[in-house]
Each structure stands twice: as C-alpha cells, then as structure tokens.
>>> print(open('start-v9.tsv').read())   # TSV, C-alpha atoms and all ligand atoms
chain	number	residue	atom	x	y	z
A	234	MET	CA	97.77	161.22	118.46
A	235	LEU	CA	98.34	162.68	115.00
A	236	GLN	CA	98.70	159.48	113.05
A	237	ASP	CA	101.39	160.37	110.56
A	238	ILE	CA	103.88	161.51	113.17
A	239	SER	CA	106.53	158.90	113.47
A	240	LEU	CA	109.70	159.46	115.41
A	241	LEU	CA	111.85	156.67	114.09
A	242	ARG	CA	114.80	156.43	116.45
A	243	ILE	CA	115.90	152.86	116.03
A	244	PRO	CA	119.38	152.01	114.72
A	245	GLY	CA	118.10	151.51	111.20
A	246	PRO	CA	116.08	151.93	109.16
A	247	SER	CA	116.51	155.62	109.93
A	248	PRO	CA	114.39	158.59	108.79
A	249	ILE	CA	114.71	159.93	105.25
A	250	PRO	CA	115.41	163.65	104.67
A	251	PRO	CA	112.55	165.31	102.71
A	252	SER	CA	114.87	166.33	99.86
A	253	VAL	CA	116.01	162.69	99.52
A	254	GLN	CA	112.39	161.53	99.58
A	255	ARG	CA	111.58	163.97	96.77
A	256	ALA	CA	114.60	162.90	94.74
A	257	MET	CA	113.43	159.29	94.95
A	258	SER	CA	110.00	160.13	93.59
A	259	LYS	CA	111.39	161.19	90.22
A	260	PRO	CA	109.99	159.32	87.21
A	261	MET	CA	111.76	156.07	86.44
A	262	VAL	CA	114.50	155.96	83.81
A	263	GLY	CA	116.02	153.02	81.98
A	264	HIS	CA	118.97	151.55	83.79
A	265	ARG	CA	120.94	151.48	80.54
A	266	ASP	CA	119.94	155.01	79.55
A	267	PRO	CA	122.46	157.87	79.55
A	268	GLU	CA	120.67	159.41	82.58
A	269	THR	CA	121.59	156.45	84.76
A	270	LYS	CA	125.14	156.41	83.47
A	271	GLU	CA	125.51	160.09	84.30
A	272	LEU	CA	123.98	159.48	87.71
A	273	ILE	CA	126.48	156.74	88.54
A	274	GLU	CA	129.32	158.84	87.13
A	275	ARG	CA	128.25	161.62	89.50
A	276	ILE	CA	127.91	159.33	92.52
A	277	LYS	CA	131.19	157.42	92.09
A	278	PRO	CA	133.82	159.94	93.22
A	279	ARG	CA	131.65	161.27	96.06
A	280	LEU	CA	131.00	157.87	97.56
A	281	LYS	CA	134.76	157.27	97.80
A	282	LYS	CA	135.06	160.19	100.21
A	283	VAL	CA	132.51	158.64	102.56
A	284	PHE	CA	134.58	155.43	102.62
A	285	GLY	CA	137.94	157.24	102.79
A	286	THR	CA	139.26	155.35	99.80
A	287	GLN	CA	140.63	155.81	96.32
A	288	GLN	CA	138.97	152.54	95.29
A	289	ASP	CA	135.67	152.51	93.48
A	290	VAL	CA	132.75	151.78	95.78
A	291	MET	CA	130.45	149.20	94.26
A	292	MET	CA	126.70	149.31	94.73
A	293	ILE	CA	124.71	146.12	95.08
A	294	THR	CA	120.92	146.11	95.26
A	295	GLY	CA	120.23	144.13	98.40
A	296	SER	CA	120.15	144.71	102.15
A	297	GLY	CA	123.31	145.12	104.21
A	298	THR	CA	123.55	141.39	104.72
A	299	SER	CA	123.99	140.90	100.98
A	300	GLY	CA	127.05	143.13	101.32
A	301	LEU	CA	128.35	140.96	104.16
A	302	GLU	CA	127.76	137.83	102.11
A	303	ALA	CA	129.46	139.44	99.10
A	304	ALA	CA	132.50	140.11	101.29
A	305	VAL	CA	132.56	136.50	102.49
A	306	VAL	CA	132.20	134.77	99.11
A	307	ASN	CA	134.69	137.05	97.39
A	308	ALA	CA	137.40	137.13	100.07
A	309	ALA	CA	137.28	133.47	101.09
A	310	SER	CA	136.08	130.11	99.85
A	311	GLN	CA	134.77	126.81	101.13
A	312	GLY	CA	137.32	125.40	103.57
A	313	SER	CA	139.12	128.71	104.14
A	314	GLU	CA	140.35	129.31	107.66
A	315	VAL	CA	138.89	132.58	108.88
A	316	LEU	CA	138.63	134.54	112.12
A	317	VAL	CA	135.37	136.25	112.98
A	318	ILE	CA	135.36	138.78	115.80
A	319	VAL	CA	131.97	138.55	117.48
A	320	SER	CA	131.07	141.45	119.76
A	321	GLY	CA	127.33	141.18	119.22
A	322	SER	CA	124.65	139.93	116.88
A	323	PHE	CA	126.16	141.34	113.68
A	324	GLY	CA	129.53	139.74	114.32
A	325	ASP	CA	127.56	136.57	114.91
A	326	ARG	CA	125.88	137.04	111.51
A	327	PHE	CA	129.31	137.22	109.81
A	328	ALA	CA	130.21	133.93	111.52
A	329	LYS	CA	126.95	132.32	110.39
A	330	ILE	CA	127.55	133.36	106.77
A	331	CYS	CA	131.06	131.89	106.88
A	332	GLU	CA	129.68	128.69	108.41
A	333	ALA	CA	127.00	128.48	105.71
A	334	TYR	CA	129.83	128.34	103.14
A	335	ASP	CA	131.62	125.62	105.12
A	336	MET	CA	134.55	127.75	106.09
A	337	LEU	CA	136.74	126.82	109.04
A	338	VAL	CA	135.64	129.50	111.49
A	339	HIS	CA	137.59	130.67	114.52
A	340	ARG	CA	135.43	132.88	116.70
A	341	LEU	CA	136.74	135.55	119.02
A	342	ASP	CA	133.75	136.05	121.30
A	343	VAL	CA	133.75	139.33	123.16
A	344	THR	CA	131.34	139.97	126.03
A	345	TRP	CA	128.36	141.81	124.54
A	346	GLY	CA	128.73	145.46	125.47
A	347	ASP	CA	132.54	145.33	125.47
A	348	SER	CA	134.85	146.33	122.64
A	349	VAL	CA	137.39	144.06	121.00
A	350	ASP	CA	140.87	143.99	122.50
A	351	PRO	CA	143.34	143.96	119.57
A	352	ALA	CA	145.80	141.95	121.72
A	353	GLU	CA	143.34	139.04	121.72
A	354	VAL	CA	143.17	139.19	117.94
A	355	ARG	CA	146.96	139.08	117.82
A	356	ALA	CA	147.07	136.02	120.08
A	357	ILE	CA	144.68	134.06	117.86
A	358	LEU	CA	146.57	135.02	114.70
A	359	ASN	CA	149.88	133.96	116.23
A	360	GLU	CA	148.43	130.57	117.13
A	361	ASN	CA	146.70	130.08	113.77
A	362	PRO	CA	149.01	131.18	110.97
A	363	ASN	CA	146.71	129.90	108.22
A	364	ILE	CA	143.91	132.38	108.85
A	365	GLU	CA	143.15	134.01	105.49
A	366	VAL	CA	140.58	136.60	106.48
A	367	VAL	CA	139.62	138.46	109.66
A	368	PHE	CA	136.03	139.67	109.81
A	369	ALA	CA	135.26	142.56	112.16
A	370	THR	CA	132.35	144.86	112.96
A	371	TYR	CA	133.03	148.59	113.16
A	372	CYS	CA	129.87	149.66	114.98
A	373	GLU	CA	128.22	146.67	116.66
A	374	THR	CA	124.63	147.88	116.44
A	375	SER	CA	123.27	145.35	118.90
A	376	THR	CA	125.35	146.76	121.78
A	377	GLY	CA	126.24	150.29	120.67
A	378	ILE	CA	129.97	149.62	120.64
A	379	LEU	CA	132.35	151.27	118.20
A	380	ASN	CA	135.22	148.82	117.90
A	381	PRO	CA	138.79	150.19	117.54
A	382	ILE	CA	138.88	149.18	113.91
A	383	ALA	CA	142.10	151.01	112.92
A	384	ASN	CA	144.00	149.22	115.70
A	385	ILE	CA	142.48	145.86	114.87
A	386	SER	CA	143.48	146.29	111.24
A	387	LYS	CA	147.00	147.30	112.24
A	388	VAL	CA	147.43	144.24	114.46
A	389	VAL	CA	146.11	141.89	111.76
A	390	HIS	CA	148.51	143.25	109.14
A	391	GLU	CA	151.47	143.20	111.54
A	392	HIS	CA	150.91	139.62	112.58
A	393	SER	CA	149.49	137.88	109.51
A	394	GLU	CA	148.85	137.96	105.81
A	395	ALA	CA	145.10	137.91	106.39
A	396	LEU	CA	142.68	140.30	104.73
A	397	VAL	CA	140.73	142.63	107.01
A	398	VAL	CA	137.01	142.73	106.20
A	399	VAL	CA	134.88	145.27	108.03
A	400	ASP	CA	131.13	145.57	108.49
A	401	GLY	CA	130.55	149.31	108.70
A	402	VAL	CA	126.81	149.13	108.02
A	403	SER	CA	125.60	151.09	111.03
A	404	CYS	CA	128.23	153.83	111.09
A	405	VAL	CA	129.82	154.61	107.71
A	406	GLY	CA	128.45	158.04	106.79
A	407	GLY	CA	128.19	159.05	110.47
A	408	VAL	CA	131.60	158.17	111.86
A	409	GLU	CA	135.07	158.94	110.52
A	410	THR	CA	136.11	156.16	108.16
A	411	LYS	CA	139.53	155.93	106.53
A	412	MET	CA	139.51	152.69	104.61
A	413	ASP	CA	142.85	153.28	102.81
A	414	GLU	CA	144.75	154.84	105.71
A	415	TRP	CA	143.62	152.08	108.08
A	416	ASN	CA	144.44	149.36	105.53
A	417	ILE	CA	140.96	147.89	105.53
A	418	ASP	CA	140.77	145.37	102.69
A	419	ILE	CA	137.02	145.16	102.26
A	420	LEU	CA	134.54	147.63	103.72
A	421	VAL	CA	130.77	147.21	103.58
A	422	THR	CA	127.94	149.54	104.42
A	423	GLY	CA	124.20	149.69	103.85
A	424	SER	CA	121.74	152.37	102.76
A	425	GLN	CA	119.30	152.50	105.68
A	426	LYS	CA	121.51	153.56	108.57
A	427	ALA	CA	123.82	156.60	108.51
A	428	MET	CA	123.42	156.94	104.72
A	429	MET	CA	119.91	158.38	105.16
A	430	LEU	CA	118.26	156.17	102.52
A	431	PRO	CA	115.60	153.48	102.62
A	432	PRO	CA	116.83	149.87	102.90
A	433	GLY	CA	117.81	148.19	99.67
A	434	LEU	CA	121.35	149.13	98.70
A	435	THR	CA	124.68	147.92	100.00
A	436	PHE	CA	128.03	149.55	99.25
A	437	ILE	CA	131.32	147.71	99.16
A	438	ALA	CA	134.91	148.58	98.30
A	439	ALA	CA	138.05	146.43	98.16
A	440	SER	CA	141.79	147.17	98.43
A	441	ASN	CA	144.33	146.14	95.77
A	442	ARG	CA	145.39	143.30	98.05
A	443	ALA	CA	141.80	142.13	98.32
A	444	TRP	CA	141.27	142.39	94.57
A	445	LYS	CA	144.12	139.93	93.99
A	446	VAL	CA	142.35	137.41	96.21
A	447	ILE	CA	138.93	138.15	94.70
A	448	GLU	CA	140.20	137.68	91.14
A	449	GLU	CA	141.72	134.30	91.93
A	450	ASN	CA	139.06	133.04	94.32
A	451	LYS	CA	137.48	129.77	93.16
A	452	GLN	CA	134.40	130.12	95.37
A	453	ALA	CA	131.19	129.83	93.32
A	454	ARG	CA	129.18	133.06	93.24
A	455	PHE	CA	127.00	134.85	90.75
A	456	TYR	CA	124.82	137.80	91.87
A	457	LEU	CA	127.41	138.73	94.48
A	458	ASP	CA	130.47	138.34	92.26
A	459	LEU	CA	132.35	141.58	92.84
A	460	ARG	CA	134.30	141.11	89.62
A	461	ALA	CA	131.11	141.78	87.66
A	462	TYR	CA	130.34	144.91	89.70
A	463	ARG	CA	133.85	146.25	89.25
A	464	LYS	CA	133.75	145.67	85.49
A	465	SER	CA	130.41	147.43	85.11
A	466	LEU	CA	131.32	150.28	87.42
A	467	ALA	CA	134.37	151.09	85.29
A	468	ASP	CA	131.77	151.90	82.64
A	469	ASP	CA	129.51	153.80	85.12
A	470	SER	CA	127.05	150.97	85.18
A	471	THR	CA	125.91	147.95	87.21
A	472	PRO	CA	125.76	144.32	86.07
A	473	PHE	CA	122.06	143.97	86.98
A	474	THR	CA	119.19	146.45	87.25
A	475	PRO	CA	120.05	148.63	90.25
A	476	GLY	CA	117.52	150.10	92.67
A	477	VAL	CA	117.31	153.16	90.43
A	478	SER	CA	115.13	155.21	92.81
A	479	LEU	CA	117.61	154.54	95.60
A	480	LEU	CA	120.37	155.89	93.36
A	481	PHE	CA	118.34	159.08	92.84
A	482	GLY	CA	118.16	159.33	96.61
A	483	LEU	CA	121.87	158.59	97.05
A	484	ASP	CA	122.76	161.44	94.71
A	485	GLN	CA	120.88	163.80	97.05
A	486	THR	CA	122.23	162.19	100.23
A	487	LEU	CA	125.75	162.86	98.97
A	488	THR	CA	124.77	166.46	98.26
A	489	LEU	CA	123.58	166.80	101.87
A	490	PHE	CA	126.89	165.36	103.11
A	491	GLU	CA	128.77	167.87	100.95
A	492	GLN	CA	126.67	170.83	102.07
A	493	GLU	CA	127.28	170.01	105.72
A	494	GLY	CA	130.86	168.75	105.26
A	495	MET	CA	131.89	165.27	106.43
A	496	GLU	CA	133.83	166.64	109.41
A	497	GLU	CA	130.70	168.39	110.58
A	498	VAL	CA	128.60	165.25	109.99
A	499	TYR	CA	130.99	163.33	112.26
A	500	ARG	CA	130.96	166.10	114.86
A	501	ARG	CA	127.15	166.14	114.87
A	502	HIS	CA	127.07	162.40	115.56
A	503	GLU	CA	129.68	162.74	118.31
A	504	MET	CA	127.60	165.49	119.87
A	505	MET	CA	124.39	163.42	119.71
A	506	LYS	CA	126.21	160.56	121.43
A	507	GLN	CA	127.53	162.75	124.22
A	508	MET	CA	124.18	164.50	124.73
A	509	THR	CA	122.37	161.17	124.95
A	510	ARG	CA	124.85	159.64	127.36
A	511	ALA	CA	124.97	162.71	129.60
A	512	ALA	CA	121.17	162.75	129.77
A	513	ILE	CA	120.81	159.06	130.60
A	514	LYS	CA	123.50	159.35	133.28
A	515	ALA	CA	121.80	162.41	134.75
A	516	LEU	CA	118.62	160.35	135.02
A	517	GLY	CA	120.57	157.74	136.97
A	518	ILE	CA	120.08	154.97	134.42
A	519	PRO	CA	123.02	152.68	133.54
A	520	LEU	CA	124.46	152.57	130.04
A	521	LEU	CA	125.60	149.29	128.50
A	522	THR	CA	128.91	150.51	127.08
A	523	SER	CA	131.92	152.49	128.29
A	524	ASP	CA	132.33	156.15	127.28
A	525	GLU	CA	135.55	155.23	125.50
A	526	PHE	CA	134.03	152.78	123.03
A	527	ALA	CA	130.47	154.10	122.73
A	528	SER	CA	129.23	154.49	119.18
A	529	PRO	CA	128.23	157.93	117.90
A	530	THR	CA	125.29	156.34	116.04
A	531	VAL	CA	123.49	154.22	118.65
A	532	THR	CA	123.23	154.18	122.45
A	533	ALA	CA	122.28	151.10	124.46
A	534	ILE	CA	120.64	151.64	127.85
A	535	LYS	CA	120.47	148.97	130.53
A	536	PRO	CA	117.73	149.83	133.00
A	537	GLU	CA	117.83	148.22	136.43
A	538	THR	CA	114.80	149.65	138.18
A	539	PHE	CA	112.22	149.48	135.37
A	540	ASP	CA	111.24	147.43	132.35
A	541	GLY	CA	112.63	148.89	129.14
A	542	GLU	CA	109.98	147.12	127.07
A	543	THR	CA	107.17	148.84	129.00
A	544	LEU	CA	108.86	152.19	128.46
A	545	ARG	CA	109.27	151.51	124.76
A	546	LYS	CA	105.58	150.64	124.39
A	547	LEU	CA	104.52	153.73	126.32
A	548	VAL	CA	106.55	156.23	124.27
A	549	LYS	CA	105.47	154.53	121.04
A	550	LYS	CA	101.82	154.73	121.94
A	551	GLU	CA	101.80	158.28	123.29
A	552	PHE	CA	104.35	159.98	121.05
A	553	GLY	CA	104.99	157.69	118.09
A	554	LEU	CA	108.60	157.41	119.29
A	555	ALA	CA	110.08	154.12	118.10
A	556	LEU	CA	113.07	152.87	120.07
A	557	ALA	CA	114.73	149.48	119.64
A	558	GLY	CA	114.87	146.64	122.14
A	559	GLY	CA	117.75	144.25	122.70
A	560	GLN	CA	118.63	141.36	120.39
A	561	HIS	CA	119.33	137.73	121.28
A	562	GLN	CA	120.96	137.49	124.73
A	563	LEU	CA	120.21	141.18	125.39
A	564	LYS	CA	116.50	140.83	124.60
A	565	GLY	CA	114.46	142.45	127.38
A	566	LYS	CA	117.63	143.63	129.09
A	567	ILE	CA	118.43	146.77	127.13
A	568	PHE	CA	116.81	149.28	124.84
A	569	ARG	CA	118.54	151.29	122.17
A	570	ILE	CA	118.28	154.81	120.78
A	571	GLY	CA	119.36	155.25	117.19
A	572	HIS	CA	120.86	158.69	116.50
A	573	MET	CA	122.23	158.29	113.02
A	574	GLY	CA	121.78	159.94	109.65
A	575	TYR	CA	118.85	162.33	109.52
A	576	CYS	CA	119.00	163.19	113.20
A	577	SER	CA	120.20	166.30	115.04
A	578	PRO	CA	120.89	167.54	118.58
A	579	ALA	CA	117.33	168.96	118.56
A	580	ASP	CA	116.00	165.42	118.12
A	581	ILE	CA	118.01	164.24	121.13
A	582	LEU	CA	116.35	166.89	123.31
A	583	GLN	CA	112.99	165.62	122.08
A	584	ILE	CA	113.81	161.96	122.70
A	585	ILE	CA	115.09	162.66	126.22
A	586	GLY	CA	112.10	164.87	127.04
A	587	ILE	CA	109.74	162.11	125.98
A	588	LEU	CA	111.66	159.46	127.94
A	589	GLU	CA	111.39	161.60	131.07
A	590	ILE	CA	107.62	161.69	130.72
A	591	GLY	CA	107.52	157.94	130.18
A	592	LEU	CA	109.67	157.31	133.25
A	593	GLN	CA	107.50	159.59	135.37
A	594	LYS	CA	104.39	157.76	134.25
A	595	MET	CA	106.01	154.47	135.16
A	596	GLY	CA	106.61	155.74	138.67
A	597	GLU	CA	110.35	156.19	138.36
A	598	LYS	CA	111.92	158.86	140.52
A	599	VAL	CA	113.08	161.29	137.88
A	600	ASN	CA	112.78	165.05	137.86
A	601	PRO	CA	111.41	166.17	134.51
A	602	GLY	CA	114.02	168.23	132.73
A	603	GLN	CA	116.99	166.63	134.50
A	604	GLY	CA	118.12	164.65	131.47
A	605	VAL	CA	117.27	167.39	129.02
A	606	ALA	CA	119.30	169.89	131.07
A	607	ALA	CA	122.34	167.59	130.96
A	608	ALA	CA	121.99	167.22	127.19
A	609	GLN	CA	121.59	170.99	126.78
A	610	GLU	CA	124.74	171.53	128.83
A	611	VAL	CA	126.72	169.21	126.54
A	612	TYR	CA	125.42	171.07	123.51
A	613	ILE	CA	126.30	174.46	124.97
A	614	GLN	CA	129.80	173.33	125.99
A	615	MET	CA	130.57	171.65	122.69
A	616	THR	CA	129.40	174.57	120.59
A	617	LYS	CA	131.23	177.05	122.85
A	618	GLN	CA	134.51	175.30	122.10
A	619	GLU	CA	133.77	175.73	118.43
A	620	ALA	CA	133.16	179.48	118.62
B	1	LIG	C1	121.78	146.72	109.96
B	1	LIG	C2	123.08	146.02	109.96
B	1	LIG	C3	123.44	145.07	108.99
B	1	LIG	C4	122.60	144.70	107.82
B	1	LIG	O1	121.35	144.31	108.06
B	1	LIG	P1	120.28	144.17	106.88
B	1	LIG	O2	119.03	143.93	107.63
B	1	LIG	O3	120.68	143.03	106.04
B	1	LIG	O4	120.31	145.46	106.11
B	1	LIG	C5	124.69	144.51	109.05
B	1	LIG	N1	125.56	144.85	110.00
B	1	LIG	C6	125.30	145.78	110.93
B	1	LIG	C7	126.34	146.14	111.92
B	1	LIG	C8	124.03	146.39	110.95
B	1	LIG	O5	123.76	147.32	111.87
>>> encode(input="start-v9.tsv", output="structure tokens")
Amino acid sequence: MLQDISLLRIPGPSPIPPSVQRAMSKPMVGHRDPETKELIERIKPRLKKVFGTQQDVMMITGSGTSGLEAAVVNAASQGSEVLVIVSGSFGDRFAKICEAYDMLVHRLDVTWGDSVDPAEVRAILNENPNIEVVFATYCETSTGILNPIANISKVVHEHSEALVVVDGVSCVGGVETKMDEWNIDILVTGSQKAMMLPPGLTFIAASNRAWKVIEENKQARFYLDLRAYRKSLADDSTPFTPGVSLLFGLDQTLTLFEQEGMEEVYRRHEMMKQMTRAAIKALGIPLLTSDEFASPTVTAIKPETFDGETLRKLVKKEFGLALAGGQHQLKGKIFRIGHMGYCSPADILQIIGILEIGLQKMGEKVNPGQGVAAAQEVYIQMTKQEA
C-alpha cells in the first residue's frame, strides 16, 4: 500500500484541508506583534458566526478538555451543586471534572446510544432547586447522538436559575449552532473535529448571565481564568502565547466556511449522515442510534454477525482507512465512522465501498455495491430537491 495514504475517518482528530495545512506552515511571528493582533481581529467576528453568538469567542491553547475544565471552574466552584447529563463518555468526563473540584454532582445517566429526554432534566431540577449549573453534551461522540440541546436549554431556564453549559466539541462547525437564540450560557468547542484544524485549540463563549457568575466566582483558577481571556481579547490578544500556527490555520478554516456558506456546511454534514446510515442499513447492519437523534458528524455501528475490531484492522491494513472503536462500556461492541470537517459525500462512497470489501473478505453475506448504491440514492434524492 502507498504509505502516505491515510484515510482518517475517526471522530477527531479529523483531516486537515491542504489550504489550512499551507496556512499553518507560514513563518512564525511574535505573539505580541501587530501581525498577530490583526490576525485575531480578523478571526474574532467570524468565529462568532460559527457559535451563533454576539459574544466574543475566546481561544485557549489546550485540547478540548481544557475548554471543558475552563467551563467548570468559571461557572461553578468547590461545593457547588451541579447537574451533569451523561449520555456517553464525554458527559462522563464533565462529571469527572466537576468531581475533581469537589462539586456536589447530580448525574442524569442516559442509556448509551439514547438521547437525553428534557422531561427527565426537568424532574431533577424540580427536586433539586439549588442546582447552579447544568452540563450537557451536544454531540456525544462516543455514541453518535446529537442531543436536543435547544430543548434541554429551554427546560433548564424554565424550571431553574441554573446556567446551561454545553460541550459542542464534536459538532460545532458542522451542525447548526445558535448559542444566543437557544440561551446557552457557556459553549465550548475544540479545533480537531468539525473545525478542520489539528488538536491544540479550544474555543469558548459565555452569555451575559454567565459572565456575572464568572466575574464573582471565588473558585481558584489561573491558566483557565476566562476573565483574563476576555480582557485580552478586547484588545485582540491572548493572555498567554497562543498556538500561533493554529491561528494561521483557523483564519483559513473560517475562509473555507465562508466560501461554502455555513448553511451549506450543515447541509453537507446532514447529507453525509443520511448517506452513511442508508448504506449501513442496506447492508443489513444495525446502527446504535435512532434516525431522529443521530449526529451529522459521527455514526456508530453495532454489528451483530461479525467483529467490528477485525473489520477495523482489515480496512486499516489494506486501505489505510482509520475508523474508531467503541469507548468504555461500548468497547468491542461498536465501531464509529467520523464524517466531520474536511469530509464530503465522495468520501462516504469511498468509506462504504471499502467496508463492503472488508465485509466480503470476512465472509459476511453482502453484495458489493449494495451499500454504495443506497448512499448514491440518498445523494441523488437530496441534490434533486435542491435543484
Ligand atoms: C473530542 C471531544 C472532547 C475533547 O477531547 P480532547 O481530547 O481533550 O480534545 C470533548 N468533548 C467531546 C464531545 C469530544 O468529542
């Protein structure tokens, strides 16, 4: 196999567009030089559109988890009563961060593969009026669920004074996001998923309500103190040396978003989801999630007649196609296809075509082309409606 072919189709890190790669190879500049200030000035308004907010979106150099931790230590403090909605391993991570800071954590555990029922959130809030913050996951990457985040936010605000904090790491930039309209108080995303960048940056914005809490919060914090990021950002700067090369890349990523148009970006992800699901169904393989709550950025497949790990190894070895396995309780039970960021319907046809070969080689009864044909049909139907 040609060694430098790598088909990275895991739910992050995701592939980098060539123009973004080139932008990141520019010579280094000083982080206090006018070039960097102009760069941040250019990025600022465009990043707001991706979040659907009028608030400034702060950039922290760190992986997505640093963004989650920033949300926790700025919105709550040691001893705070919080509710964490856990629909998979990333919800569980939010809970672990809150526990690490000795917060009083209520967990709403949802069966992995299901979406959150806002009525259950309401019930917990009604029973526990002192909950200060509700933590939720928009796309639960470990299961491929897109939680009904607008409805969850609505229920929280109707039934409590709690802040709504959302982990949007694996979908913001690929799925419609309206932070202000949905009254999300803190929204976090990362660079290496739908934002088409390497890992290393996290983005976070806060509502006016959240800022009041953040300003008065007594919780100790330093690198992740959002007050410092807000102050610097007002001056088109960052409090510490940012991942400058990643900012070069972000500038270009935003240009790609603008050239395509966000509506079209969202439609492309929706199409990739539907193509993938139609293909897997046509091959007679069960999906983990319902059609209603399936994420446009990642699809989880739950094989019953073959071992997903064997299939993953086979397609990696023969085609360089990297797919993800399951995490924690879903380890060995599912495999996942990432279709986010730098990914198109053409890539879905390739992934499905390769999977069909793998399944054939494993002795599964599939007709080559059956899944691809179903995906092609979805593409043709969805683009016909557009014409
Ligand atoms: C990838 C991811 C994160 C962040 O993970 P890092 O490895 O810290 O970048 C957080 N939440 C979700 C939902 C994710 O998919």
>>> axis_aligned_box(input="start-v9.tsv", around="ligand LIG 1 (chain B)", padding_each_side="4 Å", output="AutoDock Vina command-line options")
--center_x 122.7 --center_y 145.2 --center_z 109.0 --size_x 15.3 --size_y 12.3 --size_z 13.9
>>> closest_residue(input="start-v9.tsv", among="A:Gly604, A:Pro536, A:Pro432, A:Pro246", to="Ser478 (chain A)", atoms="all atoms listed in the file")
A:Pro432
>>> closest_residue(input="start-v9.tsv", among="A:Gly300, A:Gly553, A:Gly565, A:Pro529", to="ligand LIG 1 (chain B)", atoms="only C-alpha atoms and all ligand atoms")
A:Gly300
>>> closest_residue(input="start-v9.tsv", among="A:Lys594, A:Arg500, A:Arg460, A:Lys426", to="ligand LIG 1 (chain B)", atoms="only C-alpha atoms and all ligand atoms")
A:Lys426
>>> closest_residue(input="start-v9.tsv", among="A:Ala256, A:Ala383, A:Ile587, A:Ala527", to="Leu544 (chain A)", atoms="only C-alpha atoms")
A:Ile587
>>> residues_near_ligand(input="start-v9.tsv", ligand="ligand LIG 1 (chain B)", cutoff="8 Å", atoms="all atoms listed in the file", output="MDAnalysis selection string")
chainID A and resid 244:246 295:301 323:324 326 370:375 400:404 422:426 432:433 435
>>> closest_residue(input="start-v9.tsv", among="A:Met292, A:Leu588, A:Val408, A:Leu341", to="Val367 (chain A)", atoms="all atoms listed in the file")
A:Leu341
>>> closest_residue(input="start-v9.tsv", among="A:Phe284, A:Tyr334, A:Tyr499, A:Phe552", to="Leu235 (chain A)", atoms="only C-alpha atoms")
A:Phe552
>>> atom_distance(input="start-v9.tsv", atom1="CA of Asn384 (chain A)", atom2="CA of Ala533 (chain A)")
23.5 Å
>>> residues_around(input="start-v9.tsv", residues="Asp524 (chain A)", least_positions_apart="5", cutoff="12 Å", atoms="all atoms listed in the file", output="ChimeraX atom specification")
/A:346-348,377-379,503,506-511,514,519,529,532-533
>>> atom_distance(input="start-v9.tsv", atom1="CA of Lys546 (chain A)", atom2="CA of Lys566 (chain A)")
14.7 Å
>>> residues_around(input="start-v9.tsv", residues="Ala461 (chain A)", least_positions_apart="5", cutoff="9 Å", atoms="all atoms listed in the file", output="PDB file with C-alpha atoms, keeping the file's coordinate frame")
ATOM      1  CA  PHE A 455     127.000 134.850  90.750  1.00  0.00           C
ATOM      2  CA  TYR A 456     124.820 137.800  91.870  1.00  0.00           C
ATOM      3  CA  LEU A 466     131.320 150.280  87.420  1.00  0.00           C
ATOM      4  CA  THR A 471     125.910 147.950  87.210  1.00  0.00           C
ATOM      5  CA  PRO A 472     125.760 144.320  86.070  1.00  0.00           C
TER       6      PRO A 472
END
>>> decode(input="start-v9.tsv", residues="region 320-331 of chain A", atoms="N, CA, C and O atoms", output="PDB file, in the first residue's frame")
ATOM      1  N   SER A 320     -24.627  11.103  28.645  1.00  0.00           N
ATOM      2  CA  SER A 320     -25.184  10.201  27.626  1.00  0.00           C
ATOM      3  C   SER A 320     -24.070   9.404  26.939  1.00  0.00           C
ATOM      4  O   SER A 320     -24.279   8.771  25.918  1.00  0.00           O
ATOM      5  N   GLY A 321     -22.874   9.465  27.532  1.00  0.00           N
ATOM      6  CA  GLY A 321     -21.747   8.743  26.956  1.00  0.00           C
ATOM      7  C   GLY A 321     -20.465   9.188  27.631  1.00  0.00           C
ATOM      8  O   GLY A 321     -20.505   9.820  28.694  1.00  0.00           O
ATOM      9  N   SER A 322     -19.337   8.869  27.018  1.00  0.00           N
ATOM     10  CA  SER A 322     -18.075   9.069  27.734  1.00  0.00           C
ATOM     11  C   SER A 322     -17.698  10.544  27.903  1.00  0.00           C
ATOM     12  O   SER A 322     -16.971  10.894  28.822  1.00  0.00           O
ATOM     13  N   PHE A 323     -18.197  11.429  27.035  1.00  0.00           N
ATOM     14  CA  PHE A 323     -17.839  12.838  27.226  1.00  0.00           C
ATOM     15  C   PHE A 323     -18.688  13.511  28.293  1.00  0.00           C
ATOM     16  O   PHE A 323     -18.212  14.389  29.007  1.00  0.00           O
ATOM     17  N   GLY A 324     -19.923  13.082  28.436  1.00  0.00           N
ATOM     18  CA  GLY A 324     -20.723  13.544  29.564  1.00  0.00           C
ATOM     19  C   GLY A 324     -20.061  13.084  30.857  1.00  0.00           C
ATOM     20  O   GLY A 324     -19.968  13.822  31.837  1.00  0.00           O
ATOM     21  N   ASP A 325     -19.571  11.851  30.811  1.00  0.00           N
ATOM     22  CA  ASP A 325     -18.895  11.289  31.984  1.00  0.00           C
ATOM     23  C   ASP A 325     -17.638  12.108  32.323  1.00  0.00           C
ATOM     24  O   ASP A 325     -17.324  12.322  33.496  1.00  0.00           O
ATOM     25  N   ARG A 326     -16.957  12.591  31.290  1.00  0.00           N
ATOM     26  CA  ARG A 326     -15.763  13.417  31.541  1.00  0.00           C
ATOM     27  C   ARG A 326     -16.145  14.714  32.264  1.00  0.00           C
ATOM     28  O   ARG A 326     -15.458  15.143  33.194  1.00  0.00           O
ATOM     29  N   PHE A 327     -17.246  15.333  31.844  1.00  0.00           N
ATOM     30  CA  PHE A 327     -17.723  16.556  32.516  1.00  0.00           C
ATOM     31  C   PHE A 327     -17.953  16.262  34.003  1.00  0.00           C
ATOM     32  O   PHE A 327     -17.581  17.046  34.881  1.00  0.00           O
ATOM     33  N   ALA A 328     -18.579  15.117  34.274  1.00  0.00           N
ATOM     34  CA  ALA A 328     -18.862  14.740  35.665  1.00  0.00           C
ATOM     35  C   ALA A 328     -17.556  14.550  36.437  1.00  0.00           C
ATOM     36  O   ALA A 328     -17.429  14.996  37.589  1.00  0.00           O
ATOM     37  N   LYS A 329     -16.575  13.919  35.805  1.00  0.00           N
ATOM     38  CA  LYS A 329     -15.296  13.679  36.478  1.00  0.00           C
ATOM     39  C   LYS A 329     -14.576  14.994  36.780  1.00  0.00           C
ATOM     40  O   LYS A 329     -13.952  15.136  37.835  1.00  0.00           O
ATOM     41  N   ILE A 330     -14.658  15.953  35.874  1.00  0.00           N
ATOM     42  CA  ILE A 330     -14.024  17.251  36.131  1.00  0.00           C
ATOM     43  C   ILE A 330     -14.697  17.915  37.337  1.00  0.00           C
ATOM     44  O   ILE A 330     -14.031  18.416  38.246  1.00  0.00           O
ATOM     45  N   CYS A 331     -16.029  17.896  37.338  1.00  0.00           N
ATOM     46  CA  CYS A 331     -16.765  18.504  38.463  1.00  0.00           C
ATOM     47  C   CYS A 331     -16.415  17.812  39.777  1.00  0.00           C
ATOM     48  O   CYS A 331     -16.253  18.467  40.809  1.00  0.00           O
TER      49      CYS A 331
END
